[in-house]
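Undergrad: Right, I'll just put the structure down here and ask away after.
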Amino acid sequence: MTRRDVFLSGAALACAAQSGRAAAPRNICISSANGLRATQRAMDLLKQGADTLDAVIAGVNIQELDPEDTSVGYGGLPNEEGYAELDASVMHGPTRRCGSVAAVRSCRTPSKLAKLVMEQTDHIMLVGPNADRFAVEMGFPAESLETEKSRLAWLVWKQSMRDKAGHSNWGPGLDSGPPAKPLAGLKKIFPHADDDLLAWAYQKALHPPTGTINCLALNTKGEMSGTTTTSGMAWKIPGRVGDSPIIGAGVYVDQDVGAAGSTGRGEENIRIAGAHTVVENMRHGMSPKDAGLDALKRIARNFKNDKDWLKAVDIQFYALRNDGEYAAVTLWKGNARFAVNDGGQSRHEPCAWLLD
């Protein structure tokens with residue numbers, strides 16, 4: 001066999017593999033770890049022939065309306081002033097259109113609102129009070145986003161604030177006697193809260209969580225869509241917007257290639273346009289796993305690969321290729337998981353990791 005024969009046979013195999021990938025799309029949904037119900041709902045709708053974007057939005061609506069998920073929608077942990085502010089984005093593969101909203105304070109399902117921005121306006125993003133006004137104009141009720149649980153967490157956070165000398169204007173005054181142990185002191189302030197709830201709120205105050213839900217879908221026609229929705233970083237400065245509503249960061253879809261999304265610390269994702277980066281990596285031949293790990297390497301590079309510096313960063317990427325191959329990656333080795341549904345019951349699978 002000549003060198004030319006080897007080259008031609010290799011090229012033929014590559015073309016055949018590419019052709020095989022493109023020929024057999026399948027129904028599949030992936031999501032962040034909190035998306036077991038989301039992927040199940042999305043899959044049920046895909047089987048009924050629903051549009052991929054309608055499917056993923058219906059999926060994440062479950063978390064947006066669940067007050068027990070304190071990182072998404074109703075019941076999301078508030079900003080510094082005690083108000084939850086929600087962000088969301090959507091991207092529709094078949095039409096290559098997208099929409100997003102940010103700093104929404106009175107609409108519990110911002111993913112639906114982002115879709116209406118895409119469909120009913122000539123814009124892509126609406127923010128703040130005018131996004132809330134648009135929601136009312138579109139028929140959404142103006143509703144409070146705070147729950148008793150999320151407000152308690154905010155009040156406990158206010159109690160935990162200290163200056164460099166350890167003083168807090170929200171703590172007991174100097175004439176109130178020796179300081180009590182934190183949880184004992186909180187019990188006096190919030191006598192009707194049970195011990196487990198106070199312990200939870202105190203941990204959230206000390207270690208503000210990131211959260212979010214991302215959901216991506218592919219159907220048997222090869223159509224893809226994605227959405228990301230969040231209440232953002234707990235105790236954030238009012239008006240802070242993370243990656244979730246940023247097209248190309250929180251979510252990106254090119255159904256000729258695939259789709260990607262992210263959860264975790266949004267600032268680091270924005271710096272590398274993470275979802276777009278993952279999709280472009282897949283366009284250039286990387287597997288979904290390698291595409292996500294490469295995006296994490298870019299984040300690590302921004303911290304000079306200093307693990308001590310990177311300890312404060314928690315971030316995940318989710319990647320779904322247009323042939324149905326998928327992966328999720330996380331920065332640190334641990335027990336991170338993501339949700340998958342490929343036609344049966346939704347299940348968790350482990351994330352690949354970059355740093356040990």
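Within each chain, counting starts at residue 1; across the structure tokens, chains are named A, B, ... in the order shown, with ligands numbered 1 upward in that order.
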For Gly261 of chain A, please output as a PyMOL selection string all residues within 7 Å (counting only C-alpha atoms; exclusion window: fewer than 2 positions along the same chain).

TA: chain A and resi 214+250-252+275+317-319

Undergrad: For the residues in that selection, give me C-alpha atoms as a JSON list (two decimals), in the first residue's frame.

TA:
[["chain", "number", "residue", "atom", "x", "y", "z"],
["A", 214, "ASN", "CA", -28.59, 24.56, 32.71],
["A", 250, "GLY", "CA", -24.22, 30.78, 30.23],
["A", 251, "VAL", "CA", -25.46, 28.97, 27.14],
["A", 252, "TYR", "CA", -24.58, 28.60, 23.46],
["A", 275, "ALA", "CA", -20.21, 27.99, 26.43],
["A", 317, "PHE", "CA", -19.48, 23.00, 31.93],
["A", 318, "TYR", "CA", -22.04, 20.80, 30.16],
["A", 319, "ALA", "CA", -21.56, 19.79, 26.52]]

Undergrad: I'd like the neighbourhood of segment 108-118 of chain A as a short mmCIF file (atom, residue, chain, number, x, y, z; two decimals) with N, CA and C atoms, in the first residue's frame, where a residue qualifies if any of its atoms comes within 7 Å (using only C-alpha atoms), though same-chain residues fewer than 6 positions away should be ignored.

TA:
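What follows is the written file selection.cif:
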data_model
loop_
_atom_site.label_atom_id
_atom_site.label_comp_id
_atom_site.auth_asym_id
_atom_site.auth_seq_id
_atom_site.Cartn_x
_atom_site.Cartn_y
_atom_site.Cartn_z
N ILE A 57 -37.23 24.52 28.49
CA ILE A 57 -37.81 25.55 29.35
C ILE A 57 -38.81 24.92 30.31
N ASN A 61 -38.44 25.07 34.40
CA ASN A 61 -39.52 25.72 35.15
C ASN A 61 -39.77 25.00 36.47
N GLU A 64 -37.33 26.51 38.78
CA GLU A 64 -37.63 27.94 38.98
C GLU A 64 -38.78 28.13 39.96
N LEU A 65 -39.73 27.22 39.97
CA LEU A 65 -40.91 27.34 40.83
C LEU A 65 -40.78 26.56 42.14
N GLY A 73 -34.72 30.81 40.70
CA GLY A 73 -36.10 31.23 40.72
C GLY A 73 -36.67 31.60 42.08
N TYR A 74 -37.93 31.23 42.29
CA TYR A 74 -38.65 31.51 43.52
C TYR A 74 -37.93 30.86 44.70
N LEU A 86 -33.24 37.56 39.41
CA LEU A 86 -33.11 36.37 38.56
C LEU A 86 -32.57 36.71 37.18
N ASP A 87 -31.79 35.78 36.62
CA ASP A 87 -31.23 35.92 35.28
C ASP A 87 -31.52 34.64 34.50
N ALA A 88 -31.70 34.76 33.19
CA ALA A 88 -31.91 33.56 32.37
C ALA A 88 -31.62 33.87 30.91
N SER A 89 -31.27 32.82 30.17
CA SER A 89 -31.08 32.95 28.73
C SER A 89 -31.60 31.70 28.04
N VAL A 90 -31.97 31.86 26.78
CA VAL A 90 -32.41 30.73 25.96
C VAL A 90 -31.77 30.86 24.59
N ARG A 97 -31.84 31.76 17.02
CA ARG A 97 -32.24 32.96 17.74
C ARG A 97 -32.04 32.74 19.23
N CYS A 98 -32.02 33.85 19.97
CA CYS A 98 -31.78 33.77 21.41
C CYS A 98 -32.42 34.95 22.12
N GLY A 99 -32.55 34.83 23.44
CA GLY A 99 -33.09 35.90 24.25
C GLY A 99 -32.64 35.74 25.69
N SER A 100 -32.64 36.85 26.43
CA SER A 100 -32.23 36.76 27.83
C SER A 100 -32.80 37.90 28.65
N VAL A 101 -32.83 37.70 29.95
CA VAL A 101 -33.24 38.72 30.91
C VAL A 101 -32.29 38.68 32.09
N ILE A 124 -32.32 41.22 22.18
CA ILE A 124 -31.88 39.95 22.76
C ILE A 124 -31.94 39.98 24.28
N MET A 125 -31.64 41.12 24.92
CA MET A 125 -31.59 41.17 26.38
C MET A 125 -32.37 42.35 26.92
N ALA A 135 -42.45 41.81 31.56
CA ALA A 135 -43.12 40.59 32.02
C ALA A 135 -44.59 40.84 32.28
N LEU A 145 -40.41 37.07 45.00
CA LEU A 145 -39.51 35.93 44.80
C LEU A 145 -38.99 35.38 46.12
N THR A 229 -30.78 29.25 33.80
CA THR A 229 -31.54 30.16 34.64
C THR A 229 -31.03 30.09 36.07
#

Undergrad: Go through segment 82-224 of chain A and collect every residue that DSSP, computed from the backbone, puts in helix (DSSP H, G or I); the answer should be as an NGL selection string.

TA: :A and (110-120 or 128-137 or 148-160 or 174-176 or 182-189 or 195-206)

Undergrad: Using C-alpha atoms, can you write the selected residues to a file as a compact mmCIF listing (two decimals), in the first residue's frame?

TA:
# COMPACT_ATOMS: atom_id res chain seq x y z
CA PRO A 110 -37.32 34.09 33.81
CA SER A 111 -36.58 31.37 31.24
CA LYS A 112 -40.10 31.86 29.85
CA LEU A 113 -39.55 35.60 29.88
CA ALA A 114 -36.25 35.24 27.99
CA LYS A 115 -38.08 33.23 25.30
CA LEU A 116 -40.61 36.06 24.92
CA VAL A 117 -37.79 38.57 24.50
CA MET A 118 -36.54 36.33 21.68
CA GLU A 119 -39.98 35.94 20.08
CA GLN A 120 -41.77 39.23 20.71
CA GLY A 128 -33.87 45.25 35.64
CA PRO A 129 -37.17 47.07 36.23
CA ASN A 130 -37.91 47.27 32.54
CA ALA A 131 -37.61 43.50 32.21
CA ASP A 132 -40.15 43.23 35.04
CA ARG A 133 -42.39 45.73 33.24
CA PHE A 134 -42.11 43.69 30.05
CA ALA A 135 -43.12 40.59 32.02
CA VAL A 136 -46.31 42.27 33.21
CA GLU A 137 -47.06 43.46 29.66
CA GLU A 148 -39.55 32.80 54.62
CA LYS A 149 -36.60 30.44 54.26
CA SER A 150 -34.62 32.66 51.88
CA ARG A 151 -35.34 35.76 53.94
CA LEU A 152 -34.16 34.01 57.11
CA ALA A 153 -30.93 33.10 55.34
CA TRP A 154 -30.46 36.75 54.39
CA LEU A 155 -31.11 37.95 57.94
CA VAL A 156 -28.62 35.42 59.32
CA TRP A 157 -26.08 36.61 56.75
CA LYS A 158 -26.60 40.20 57.95
CA GLN A 159 -25.97 39.00 61.49
CA SER A 160 -22.74 37.31 60.41
CA LEU A 174 -21.64 46.30 73.70
CA ASP A 175 -23.94 46.48 76.71
CA SER A 176 -25.62 43.15 75.99
CA PRO A 182 -23.31 31.85 66.90
CA LEU A 183 -26.15 29.35 66.73
CA ALA A 184 -27.24 29.99 70.32
CA GLY A 185 -27.33 33.71 69.58
CA LEU A 186 -29.33 33.17 66.42
CA LYS A 187 -31.83 31.03 68.33
CA LYS A 188 -32.57 34.00 70.58
CA ILE A 189 -33.09 36.27 67.58
CA ASP A 195 -32.25 24.20 64.79
CA ASP A 196 -31.66 22.52 61.42
CA LEU A 197 -32.94 25.54 59.50
CA LEU A 198 -30.76 27.91 61.53
CA ALA A 199 -27.71 25.70 61.00
CA TRP A 200 -28.43 25.68 57.24
CA ALA A 201 -28.84 29.46 57.15
CA TYR A 202 -25.61 29.98 59.11
CA GLN A 203 -23.65 27.79 56.68
CA LYS A 204 -25.09 29.69 53.72
CA ALA A 205 -24.09 32.95 55.39
CA LEU A 206 -20.51 31.78 55.90

Undergrad: Select, from A:Gly226, A:Gly59, A:Gly49, A:Gly264, the residue with the minimum atom-to-atom distance to Arg37 of chain A, counting only C-alpha atoms.

TA: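 For Arg37 of chain A, the nearest of the given residues is A:Gly59.
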
Undergrad: Could you give me, as a ChimeraX atom specification, each residue of segment 117-318 of chain A that DSSP assigns to strand (DSSP E or B) when run on this structure's backbone?

TA: /A:125-127,213-218,224-230,247,251-254,258-264,315-318

Undergrad: Quick one: residues within 6 Å of Val340 of chain A, only C-alpha atoms, excluding same-chain residues fewer than 5 positions away - as a PyMOL selection string?

TA: chain A and resi 29-30+346-347

Undergrad: Could you write those residues out with C-alpha atoms, as an mmCIF file, in the first residue's frame?

TA:
data_model
loop_
_atom_site.group_PDB
_atom_site.id
_atom_site.type_symbol
_atom_site.label_atom_id
_atom_site.label_comp_id
_atom_site.auth_asym_id
_atom_site.auth_seq_id
_atom_site.Cartn_x
_atom_site.Cartn_y
_atom_site.Cartn_z
ATOM 1 C CA CYS A 29 -31.319 15.854 27.491
ATOM 2 C CA ILE A 30 -28.546 16.763 29.909
ATOM 3 C CA SER A 346 -33.248 10.443 34.377
ATOM 4 C CA ARG A 347 -30.047 9.537 36.179
#

Undergrad: Measuring between only C-alpha atoms, which one of A:Met161, A:Leu320, A:Ala352, A:Ala300 shows the shortest distance to Asn281 of chain A?

TA: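 Among the listed residues, the smallest separation from Asn281 of chain A belongs to A:Leu320.
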
Undergrad: May I ask which of the residues A:Asp314, A:Thr263, A:Asp306, A:Val257 is the closest one to Gly285 of chain A, counting only C-alpha atoms?

TA: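 Closest to Gly285 of chain A, using only C-alpha atoms: A:Val257.
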
Undergrad: Residues within 10 Å of Lys297 of chain A, please, as a list of chain:residue names. Count only C-alpha atoms; anything in the same chain fewer than 5 positions from it doesn't count.

TA: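 Contacts, with the query itself left out: A:Gly292, A:Asn302, A:Phe303, A:Asn305, A:Leu331, A:Leu354, A:Leu355.
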
Undergrad: Take the residues from that selection and write them out as an mmCIF file, in the first residue's frame, keeping C-alpha atoms.

TA:
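Generated output (out_13.cif):
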data_model
loop_
_atom_site.group_PDB
_atom_site.id
_atom_site.type_symbol
_atom_site.label_atom_id
_atom_site.label_comp_id
_atom_site.auth_asym_id
_atom_site.auth_seq_id
_atom_site.Cartn_x
_atom_site.Cartn_y
_atom_site.Cartn_z
ATOM 1 C CA GLY A 292 -15.045 21.240 28.481
ATOM 2 C CA ASN A 302 -6.258 33.145 34.296
ATOM 3 C CA PHE A 303 -5.207 32.307 37.859
ATOM 4 C CA ASN A 305 -2.605 27.748 37.499
ATOM 5 C CA LEU A 331 -12.795 22.277 38.013
ATOM 6 C CA LEU A 354 -9.447 19.019 35.901
ATOM 7 C CA LEU A 355 -7.672 19.575 39.225
#

Undergrad: For Ser225 of chain A, which residue out of A:Ala55, A:Ile272, A:Ile315, A:Ile62 is the nearest one, using only C-alpha atoms?

TA: A:Ala55

Undergrad: Expressed in Å to a single decimal, how great is the separation between atom CA of Lys236 of chain A and atom CA of Asn79 of chain A?

TA: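 Distance between the two atoms: 4.7 Å.
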
Undergrad: Between atom CA of Val329 of chain A and atom CA of Pro350 of chain A, what is the spacing in Å?

TA: 8.6 Å

Undergrad: Separation of atom CA of Ser231 of chain A and atom CA of Ala336 of chain A, in Å?

TA: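 According to the coordinates, atom CA of Ser231 of chain A and atom CA of Ala336 of chain A are separated by 20.4 Å.
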
Undergrad: Within 9 Å of Gly334 of chain A, counting only C-alpha atoms, which residues qualify if same-chain residues fewer than 5 places away don't, as an MDAnalysis selection string?

TA: chainID A and resid 351 353 356

Undergrad: Rank nothing, just name the residue among A:Ile237, A:Ala249, A:Gly324, A:Arg105 nearest to Val127 of chain A, using only C-alpha atoms.

TA: A:Arg105
